[in-house]
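So this block is protein.cif, mmCIF, C-alpha atoms and all ligand atoms:
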```
data_work
loop_
_atom_site.label_atom_id
_atom_site.label_comp_id
_atom_site.auth_asym_id
_atom_site.auth_seq_id
_atom_site.Cartn_x
_atom_site.Cartn_y
_atom_site.Cartn_z
CA MET A 1 103.03 105.24 36.01
CA CYS A 2 102.90 103.24 32.80
CA GLN A 3 105.78 103.53 30.32
CA VAL A 4 104.88 102.89 26.69
CA ILE A 5 107.86 101.97 24.51
CA ALA A 6 107.77 101.45 20.75
CA ILE A 7 110.49 99.15 19.41
CA THR A 8 111.02 100.23 15.86
CA ASN A 9 113.27 100.25 12.83
CA GLN A 10 112.11 100.27 9.21
CA LYS A 11 114.91 97.83 8.39
CA GLY A 12 113.82 94.19 8.62
CA GLY A 13 115.46 91.52 10.72
CA VAL A 14 117.44 93.80 13.05
CA GLY A 15 116.07 92.27 16.26
CA LYS A 16 112.93 94.31 17.03
CA THR A 17 110.81 91.32 17.95
CA THR A 18 113.63 89.59 19.83
CA THR A 19 114.26 92.78 21.83
CA THR A 20 110.54 93.22 22.59
CA PHE A 21 110.13 89.62 23.69
CA HIS A 22 113.20 89.46 25.92
CA LEU A 23 112.80 92.93 27.41
CA GLY A 24 109.13 92.21 28.16
CA THR A 25 109.81 88.79 29.62
CA LYS A 26 112.63 90.12 31.81
CA LEU A 27 110.51 93.01 33.11
CA ALA A 28 107.70 90.56 33.90
CA GLN A 29 110.15 88.30 35.76
CA GLU A 30 111.07 91.30 37.88
CA GLY A 31 107.45 91.57 38.91
CA LYS A 32 106.36 94.34 36.54
CA ARG A 33 102.98 94.21 34.85
CA VAL A 34 103.85 94.05 31.18
CA LEU A 35 101.75 94.12 28.01
CA LEU A 36 103.43 93.36 24.68
CA ILE A 37 101.55 94.54 21.61
CA ASP A 38 102.27 92.86 18.31
CA ALA A 39 101.90 95.65 15.74
CA ASP A 40 103.30 93.67 12.82
CA PRO A 41 101.10 91.68 10.39
CA GLN A 42 103.96 89.13 10.16
CA ALA A 43 102.93 88.25 13.75
CA SER A 44 106.46 87.22 14.77
CA LEU A 45 105.94 88.31 18.38
CA THR A 46 102.71 86.32 18.49
CA VAL A 47 104.63 83.30 17.21
CA CYS A 48 107.31 83.88 19.91
CA PHE A 49 104.54 83.16 22.42
CA GLY A 50 103.93 79.78 20.85
CA ILE A 51 100.86 80.77 18.80
CA ARG A 52 101.57 79.12 15.46
CA ASP A 53 98.15 79.63 13.87
CA ALA A 54 97.81 83.41 14.41
CA ASP A 55 95.57 83.68 11.35
CA THR A 56 92.81 81.73 13.10
CA LEU A 57 92.76 83.93 16.24
CA ASP A 58 89.37 85.50 17.04
CA THR A 59 90.62 88.71 18.58
CA THR A 60 93.73 90.53 17.45
CA LEU A 61 95.00 94.08 17.30
CA THR A 62 93.02 94.54 14.09
CA ASN A 63 89.67 93.97 15.88
CA ALA A 64 90.66 96.31 18.69
CA LEU A 65 91.75 99.12 16.36
CA GLN A 66 88.66 98.54 14.21
CA ALA A 67 86.45 98.89 17.30
CA ILE A 68 88.12 102.21 18.10
CA VAL A 69 87.59 103.49 14.57
CA GLU A 70 83.93 102.50 14.81
CA ASP A 71 83.58 104.08 18.25
CA GLU A 72 82.57 100.81 19.86
CA PRO A 73 83.24 100.27 23.57
CA ILE A 74 86.31 98.15 24.37
CA ASP A 75 86.54 95.70 27.24
CA PRO A 76 90.11 96.10 28.61
CA GLU A 77 90.35 92.31 29.10
CA MET A 78 89.37 91.58 25.51
CA GLY A 79 92.01 89.82 23.41
CA ILE A 80 94.75 89.91 26.03
CA ARG A 81 96.54 86.60 26.36
CA THR A 82 98.46 85.40 29.38
CA HIS A 83 101.41 83.10 28.88
CA GLU A 84 103.84 81.33 31.14
CA GLU A 85 106.57 83.82 30.12
CA GLY A 86 104.83 86.28 32.46
CA ALA A 87 104.27 89.18 30.09
CA LYS A 88 100.82 89.52 28.52
CA LEU A 89 100.37 89.63 24.78
CA PHE A 90 98.01 91.41 22.45
CA PRO A 91 98.46 89.32 19.28
CA ALA A 92 98.34 90.25 15.62
CA ASN A 93 97.89 88.46 12.36
CA ILE A 94 97.95 89.12 8.65
CA GLU A 95 94.61 91.01 8.76
CA LEU A 96 96.54 93.94 10.21
CA ALA A 97 98.06 94.55 6.77
CA SER A 98 94.71 95.31 5.14
CA PHE A 99 93.66 97.35 8.16
CA GLU A 100 96.75 99.53 7.69
CA THR A 101 95.67 100.27 4.13
CA ALA A 102 92.12 101.08 5.26
CA MET A 103 93.43 103.40 8.01
CA ILE A 104 94.44 105.97 5.43
CA ASN A 105 90.81 107.06 5.04
CA VAL A 106 90.06 107.38 8.74
CA MET A 107 89.85 110.68 10.60
CA SER A 108 92.65 111.23 13.15
CA ARG A 109 94.23 108.12 11.70
CA GLU A 110 97.55 108.70 13.52
CA TYR A 111 95.93 108.41 16.94
CA ILE A 112 94.01 105.10 16.72
CA MET A 113 96.65 103.04 18.53
CA ARG A 114 97.16 105.77 21.12
CA GLU A 115 93.50 105.46 22.08
CA PHE A 116 93.86 101.69 22.38
CA VAL A 117 97.05 101.97 24.43
CA ASN A 118 95.51 104.57 26.74
CA ILE A 119 92.75 102.10 27.65
CA HIS A 120 95.46 99.72 28.93
CA ARG A 121 97.80 102.21 30.62
CA PRO A 122 96.12 101.99 34.06
CA ASN A 123 96.62 98.20 34.23
CA PHE A 124 100.30 97.94 33.29
CA ASP A 125 103.74 99.23 34.29
CA TYR A 126 105.12 98.74 30.80
CA ILE A 127 103.54 98.46 27.37
CA LEU A 128 105.98 97.49 24.62
CA ILE A 129 104.94 97.77 20.97
CA ASP A 130 106.75 95.58 18.44
CA CYS A 131 106.61 97.51 15.16
CA MET A 132 106.71 96.22 11.62
CA PRO A 133 109.72 96.91 9.38
CA SER A 134 108.33 100.03 7.68
CA LEU A 135 107.62 103.66 8.43
CA GLY A 136 103.97 103.26 7.41
CA MET A 137 100.80 104.28 9.20
CA LEU A 138 100.99 101.50 11.84
CA THR A 139 104.48 102.57 12.86
CA VAL A 140 103.42 106.23 12.97
CA ASN A 141 100.51 105.11 15.19
CA ALA A 142 102.91 103.26 17.50
CA LEU A 143 105.15 106.33 17.73
CA ALA A 144 102.11 108.50 18.45
CA ALA A 145 101.07 106.14 21.26
CA ALA A 146 104.50 105.77 22.86
CA ASP A 147 106.38 107.71 25.52
CA SER A 148 109.70 106.57 24.12
CA VAL A 149 111.27 104.57 21.36
CA ILE A 150 114.02 101.93 21.30
CA ILE A 151 115.75 101.47 17.96
CA PRO A 152 117.44 98.10 17.53
CA SER A 153 120.10 98.32 14.84
CA GLN A 154 122.67 95.90 13.52
CA PRO A 155 126.27 97.02 13.05
CA SER A 156 126.08 96.74 9.27
CA PHE A 157 126.57 99.40 6.62
CA LEU A 158 122.94 99.35 5.39
CA SER A 159 121.47 99.47 8.90
CA ALA A 160 123.63 102.45 9.75
CA LYS A 161 122.49 104.18 6.56
CA GLY A 162 118.81 103.68 7.49
CA LEU A 163 119.26 105.23 10.93
CA ASP A 164 119.28 108.79 9.60
CA LEU A 165 115.97 108.26 7.84
CA LEU A 166 114.44 106.71 10.95
CA LEU A 167 115.65 109.43 13.32
CA HIS A 168 114.30 111.99 10.86
CA SER A 169 110.87 110.28 10.93
CA VAL A 170 110.87 110.07 14.72
CA ALA A 171 111.71 113.79 14.89
CA LYS A 172 108.84 114.52 12.50
CA VAL A 173 106.35 112.54 14.61
CA LYS A 174 107.64 114.35 17.70
CA ARG A 175 107.17 117.74 16.04
CA SER A 176 103.74 117.18 14.62
CA ILE A 177 102.00 114.37 16.54
CA ASN A 178 103.65 113.45 19.84
CA PRO A 179 105.78 116.27 21.36
CA THR A 180 106.72 114.25 24.47
CA LEU A 181 108.14 111.30 22.51
CA ASP A 182 111.67 110.46 23.69
CA ILE A 183 114.34 108.36 22.03
CA SER A 184 115.41 105.90 24.72
CA GLY A 185 118.30 104.85 22.56
CA ILE A 186 119.76 102.92 19.67
CA LEU A 187 120.42 99.34 20.72
CA LEU A 188 123.13 97.57 18.76
CA THR A 189 122.00 94.02 18.11
CA MET A 190 123.72 90.89 16.86
CA VAL A 191 127.14 92.39 17.49
CA ASP A 192 129.88 89.93 16.78
CA ASP A 193 132.87 91.65 18.33
CA ARG A 194 135.17 89.09 16.80
CA THR A 195 134.82 90.60 13.29
CA ASN A 196 136.64 93.79 12.30
CA ASN A 197 133.74 94.91 10.13
CA ALA A 198 131.23 94.80 13.01
CA ARG A 199 133.67 96.60 15.30
CA ASP A 200 134.37 99.33 12.71
CA ILE A 201 130.70 99.98 11.96
CA ALA A 202 129.78 99.95 15.66
CA THR A 203 132.50 102.58 16.21
CA THR A 204 131.17 104.70 13.33
CA ILE A 205 127.58 104.49 14.62
CA ARG A 206 128.77 105.43 18.11
CA ALA A 207 130.70 108.39 16.69
CA SER A 208 127.58 109.66 14.86
CA TYR A 209 124.89 108.89 17.41
CA GLY A 210 126.94 108.57 20.59
CA ASP A 211 124.45 110.26 22.88
CA ALA A 212 121.59 108.14 21.64
CA MET A 213 123.39 104.83 22.03
CA PHE A 214 122.76 102.24 24.71
CA LYS A 215 126.07 101.17 26.27
CA GLU A 216 125.02 97.52 26.34
CA VAL A 217 124.75 95.59 23.10
CA ALA A 218 122.87 92.40 22.27
CA ASP A 219 125.67 90.20 21.02
CA VAL A 220 125.46 87.28 18.67
CA GLN A 221 125.34 83.93 20.38
CA THR A 222 126.98 81.45 18.11
CA ALA A 223 126.96 77.72 18.84
CA ASP A 224 130.50 77.74 20.29
CA MET A 225 129.63 80.63 22.63
CA LEU A 226 126.43 78.98 23.78
CA LYS A 227 128.44 75.91 24.86
CA LEU A 228 125.71 73.59 23.62
CA PRO A 229 126.04 69.96 24.64
CA VAL A 230 128.22 68.03 22.22
CA PRO A 231 127.47 64.34 21.74
CA GLU A 232 130.09 61.99 23.16
CA ALA A 233 132.05 60.46 20.31
CA HIS A 234 132.98 56.79 20.09
CA TYR A 235 135.57 56.30 17.39
CA HIS A 236 135.78 53.22 15.18
CA ASN A 237 139.06 53.08 13.30
CA VAL A 238 138.43 51.12 10.16
CA VAL A 239 141.62 49.50 8.93
CA LEU A 240 141.46 47.46 5.73
CA LYS A 241 143.76 45.76 3.28
CA PRO A 242 143.98 47.61 -0.04
CA SER A 243 142.29 46.15 -3.09
CA GLU A 244 144.40 45.22 -6.12
CA HIS A 245 143.24 48.42 -7.84
CA GLN A 246 144.31 50.51 -4.85
CA LYS A 247 147.73 48.86 -4.78
CA GLU A 248 148.22 49.65 -8.47
CA MET A 249 147.10 53.23 -7.96
CA VAL A 250 149.37 53.74 -4.95
CA ALA A 251 152.28 52.58 -7.13
CA ASP A 252 151.17 55.07 -9.73
CA LEU A 253 151.02 57.83 -7.08
CA SER A 254 154.58 57.14 -6.01
CA THR A 255 155.77 57.33 -9.63
CA ARG A 256 153.97 60.68 -9.97
CA ALA A 257 155.57 61.91 -6.72
CA GLU A 258 159.01 60.85 -7.93
CA ARG A 259 158.56 62.82 -11.20
CA VAL A 260 157.42 65.91 -9.28
CA ARG A 261 160.37 65.69 -6.85
CA ASN A 262 162.79 65.41 -9.79
CA LYS A 263 161.21 68.49 -11.35
CA MET A 264 160.21 66.49 -14.42
CA VAL A 265 156.67 68.00 -14.58
CA ASN A 266 155.33 71.51 -14.56
CA SER A 267 153.78 72.15 -11.11
CA SER A 268 150.63 73.55 -12.74
CA GLU A 269 150.02 70.09 -14.23
CA ASP A 270 150.91 67.95 -11.25
CA ASN A 271 152.19 68.75 -7.77
CA MET A 272 152.52 67.23 -4.31
CA LEU A 273 149.23 68.76 -3.14
CA LEU A 274 147.28 67.03 -5.90
CA ILE A 275 149.07 63.76 -5.17
CA THR A 276 148.31 63.97 -1.43
CA ASN A 277 144.67 64.71 -2.22
CA ASP A 278 144.39 61.76 -4.57
CA GLY A 279 146.11 59.60 -1.93
CA ARG A 280 143.53 60.54 0.70
CA LYS A 281 140.62 59.87 -1.63
CA LEU A 282 142.15 56.57 -2.59
CA ALA A 283 142.45 55.54 1.06
CA LEU A 284 138.72 56.08 1.43
CA ASP A 285 137.45 54.52 -1.78
CA GLN A 286 139.04 53.78 -5.12
CA ARG A 287 135.93 55.09 -6.89
CA LEU A 288 136.63 58.60 -5.64
CA VAL A 289 139.67 58.67 -7.92
CA ASN A 290 138.13 56.74 -10.77
CA PRO A 291 134.32 56.32 -10.75
CA MET A 292 134.59 53.48 -13.26
CA LEU A 293 136.33 51.20 -10.74
CA PRO A 294 134.19 48.53 -9.02
CA ASP A 295 132.60 48.85 -5.58
CA SER A 296 134.76 46.55 -3.52
CA ASP A 297 133.23 44.64 -0.59
CA THR A 298 136.34 45.37 1.40
CA GLY A 299 136.39 49.11 0.57
CA LYS A 300 136.36 51.63 3.39
CA VAL A 301 133.07 53.28 2.35
CA THR A 302 131.36 49.90 2.30
CA ALA A 303 132.83 49.01 5.70
CA CYS A 304 131.66 52.35 7.18
CA ALA A 305 128.19 51.95 5.64
CA ASN A 306 128.00 48.52 7.27
CA ILE A 307 128.90 50.02 10.67
CA VAL A 308 126.29 52.78 10.26
CA TYR A 309 123.68 50.18 9.31
CA ASP A 310 124.61 48.01 12.26
CA ILE A 311 124.32 50.96 14.71
CA TRP A 312 120.98 51.86 13.18
CA GLN A 313 119.66 48.32 13.65
CA ARG A 314 120.87 48.10 17.25
CA THR A 315 119.54 51.52 18.31
CA THR A 316 116.20 51.62 16.47
CA PRO A 317 114.24 50.39 19.55
CA ARG A 318 115.70 53.32 21.55
CA ARG A 319 114.73 55.70 18.74
CA SER A 320 118.19 57.20 18.91
CA THR A 321 119.30 59.60 16.23
CA GLN A 322 122.29 58.99 14.06
CA MET A 323 124.10 61.63 12.07
CA VAL A 324 126.56 60.69 9.40
CA PHE A 325 129.03 63.30 8.15
CA CYS A 326 131.12 62.47 5.18
CA ASP A 327 133.66 64.46 3.23
CA ARG A 328 136.10 63.26 0.67
CA VAL A 329 138.63 62.09 3.21
CA ALA A 330 136.67 60.97 6.24
CA ILE A 331 133.35 59.70 7.43
CA ARG A 332 132.11 60.65 10.87
CA CYS A 333 129.09 59.12 12.44
CA TYR A 334 127.39 60.38 15.59
CA LYS A 335 124.50 58.79 17.42
N1 LIG A 401 121.37 88.97 19.61
C1 LIG A 401 121.07 88.05 18.68
N2 LIG A 401 121.95 87.05 18.42
C2 LIG A 401 121.66 86.12 17.45
N3 LIG A 401 120.53 86.12 16.70
C3 LIG A 401 119.63 87.09 16.90
C4 LIG A 401 119.84 88.11 17.91
N4 LIG A 401 118.76 88.96 17.88
C5 LIG A 401 117.93 88.49 16.92
N5 LIG A 401 118.44 87.38 16.34
C6 LIG A 401 117.83 86.59 15.24
O1 LIG A 401 117.73 87.43 14.08
C7 LIG A 401 116.53 87.18 13.37
C8 LIG A 401 115.73 88.47 13.21
O2 LIG A 401 115.34 88.93 14.51
P1 LIG A 401 113.91 89.59 14.77
O3 LIG A 401 112.81 88.76 14.20
O4 LIG A 401 113.87 89.93 16.20
O5 LIG A 401 114.09 90.89 13.89
P2 LIG A 401 112.95 91.96 13.53
O6 LIG A 401 113.65 93.27 13.42
O7 LIG A 401 111.81 91.85 14.46
O8 LIG A 401 112.51 91.44 12.09
P3 LIG A 401 111.27 92.01 11.24
O9 LIG A 401 111.75 93.32 10.68
O10 LIG A 401 111.05 90.97 10.17
O11 LIG A 401 110.12 92.17 12.17
C9 LIG A 401 115.78 86.11 14.16
O12 LIG A 401 116.05 84.87 13.58
C10 LIG A 401 116.40 86.19 15.54
O13 LIG A 401 116.34 84.95 16.22
MG MG A 402 109.75 91.60 14.01
#
```

So that I can check it, write out the structure of this file as structure tokens.
Amino acid sequence: MCQVIAITNQKGGVGKTTTTFHLGTKLAQEGKRVLLIDADPQASLTVCFGIRDADTLDTTLTNALQAIVEDEPIDPEMGIRTHEEGAKLFPANIELASFETAMINVMSREYIMREFVNIHRPNFDYILIDCMPSLGMLTVNALAAADSVIIPSQPSFLSAKGLDLLLHSVAKVKRSINPTLDISGILLTMVDDRTNNARDIATTIRASYGDAMFKEVADVQTADMLKLPVPEAHYHNVVLKPSEHQKEMVADLSTRAERVRNKMVNSSEDNMLLITNDGRKLALDQRLVNPMLPDSDTGKVTACANIVYDIWQRTTPRRSTQMVFCDRVAIRCYK
């Protein structure tokens, strides 16, 4: 029997589309027949399937819902797209936004998507509906068409605040439009367990909605956790003789340091931290301490720029990429 699940939350950017895409793809990989319906004019789910020009598509959810409103027959194959991810997609585009406005004047306007979904039920094990971030007529339609609802929510104060409103709306739809609608659960998304704030809010949400919570959470995958490949570094240590200006300025730095050590200056005017900072800048380029000083051919910045240029010339035929990072005390160059 087909399970229709609406993935919804009126708050934007909480992971609705990501949840729909990954859940659908995983179910399809397990051999289930899955249809994903993009019910958001932003068309993010459609884009997830590699369709970048959704606005030029011939058949989208808008045409299908329009056909239902106009009582036209619908071919169950119409508009369904198959992709290598395994799940099938019914795409959307921006036209859905104006359709939502026009829906207001239609009879039985809450049930248009249910009729569309019911046409597809016999051919699928799961139909997942990716809702837009609002509690408007399209979302009400998705809730009216669904057997259950998954609510992705981020562990943040504002997301937690919006949950009450959402659960209230779901309860209202259940009372008046779809009595068999179930809440599958609240799915915490983008949980970074390493921050106290996320942990505290997750605990608060669990305390308030414990029964409705999924035990698993979709955690945040940061670059260090993903263990992405890091380019191999080849270090060039650039050692140079100081220019006359640098020598003078180093002498000046040591005089300053002597005065600080002998407590001859107020530490708010000059202190060892400032002197160390100036020393580092000076080691890199005299102009970092005094922009009026000349660009010296033997300066470290010039030497590093020459190395970067040389690498660029040597690797251009291989079309290799070079990244140059520079802060006030060091230059790093990766290729
Ligand atoms: N578990 C996760 N870890 C890290 N990033 C995530 C995770 N889930 C989603 N994201 C990222 O968060 C952003 C918002 O996700 P998504 O588009 O799925 O939210 P949405 O609720 O569908 O947004 P909208 O309300 O605009 O439709 C995307 O850039 C997505 O890649
Ligand atoms: Mg989305």

Counting all atoms listed in the file, which protein, DNA or RNA residues come within 12 Å of ligand LIG 401 (chain A), given as a short mmCIF file (atom, residue, chain, number, x, y, z; two decimals) with C-alpha atoms, in the frame of the given file?
```cif
data_model
loop_
_atom_site.label_atom_id
_atom_site.label_comp_id
_atom_site.auth_asym_id
_atom_site.auth_seq_id
_atom_site.Cartn_x
_atom_site.Cartn_y
_atom_site.Cartn_z
CA ILE A 7 110.49 99.15 19.41
CA THR A 8 111.02 100.23 15.86
CA ASN A 9 113.27 100.25 12.83
CA GLN A 10 112.11 100.27 9.21
CA LYS A 11 114.91 97.83 8.39
CA GLY A 12 113.82 94.19 8.62
CA GLY A 13 115.46 91.52 10.72
CA VAL A 14 117.44 93.80 13.05
CA GLY A 15 116.07 92.27 16.26
CA LYS A 16 112.93 94.31 17.03
CA THR A 17 110.81 91.32 17.95
CA THR A 18 113.63 89.59 19.83
CA THR A 19 114.26 92.78 21.83
CA THR A 20 110.54 93.22 22.59
CA PHE A 21 110.13 89.62 23.69
CA HIS A 22 113.20 89.46 25.92
CA LEU A 23 112.80 92.93 27.41
CA ASP A 38 102.27 92.86 18.31
CA ALA A 39 101.90 95.65 15.74
CA ASP A 40 103.30 93.67 12.82
CA PRO A 41 101.10 91.68 10.39
CA GLN A 42 103.96 89.13 10.16
CA ALA A 43 102.93 88.25 13.75
CA SER A 44 106.46 87.22 14.77
CA LEU A 45 105.94 88.31 18.38
CA THR A 46 102.71 86.32 18.49
CA VAL A 47 104.63 83.30 17.21
CA CYS A 48 107.31 83.88 19.91
CA ILE A 129 104.94 97.77 20.97
CA ASP A 130 106.75 95.58 18.44
CA CYS A 131 106.61 97.51 15.16
CA MET A 132 106.71 96.22 11.62
CA PRO A 133 109.72 96.91 9.38
CA SER A 134 108.33 100.03 7.68
CA LEU A 135 107.62 103.66 8.43
CA THR A 139 104.48 102.57 12.86
CA ILE A 150 114.02 101.93 21.30
CA ILE A 151 115.75 101.47 17.96
CA PRO A 152 117.44 98.10 17.53
CA SER A 153 120.10 98.32 14.84
CA GLN A 154 122.67 95.90 13.52
CA PRO A 155 126.27 97.02 13.05
CA SER A 159 121.47 99.47 8.90
CA LEU A 187 120.42 99.34 20.72
CA LEU A 188 123.13 97.57 18.76
CA THR A 189 122.00 94.02 18.11
CA MET A 190 123.72 90.89 16.86
CA VAL A 191 127.14 92.39 17.49
CA ASP A 192 129.88 89.93 16.78
CA ASP A 193 132.87 91.65 18.33
CA GLU A 216 125.02 97.52 26.34
CA VAL A 217 124.75 95.59 23.10
CA ALA A 218 122.87 92.40 22.27
CA ASP A 219 125.67 90.20 21.02
CA VAL A 220 125.46 87.28 18.67
CA GLN A 221 125.34 83.93 20.38
CA THR A 222 126.98 81.45 18.11
CA ALA A 223 126.96 77.72 18.84
CA MET A 225 129.63 80.63 22.63
CA LEU A 226 126.43 78.98 23.78
#
```

- Polymer residues at most 12 Å from segment 282-294 of chain A, all atoms listed in the file, same-chain spacing of 6 or more positions, as a PyMOL selection string: chain A and resi 238-253+274-276+300-304+326-331

- Item | Nearest to ligand MG 402 (chain A) by atom-to-atom distance, counting only C-alpha atoms and all ligand atoms, from A:Ala92, A:Leu65, A:Pro122, A:Arg261 |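 Answer, going by the shortest atom-to-atom distance: A:Ala92.
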
- Query: Please, what distance in Å, to one decimal, runs between atom CA of Glu84 of chain A and atom CA of Ile51 of chain A?
  - Reply: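 Answer for the atom CA of Glu84 of chain A to atom CA of Ile51 of chain A separation: 12.7 Å.
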
- Query: How far is it from atom CA of Ala146 of chain A to atom CA of Ile127 of chain A, in Å with one decimal?
  - Reply: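 Pair atom CA of Ala146 of chain A / atom CA of Ile127 of chain A returns 8.6 Å.
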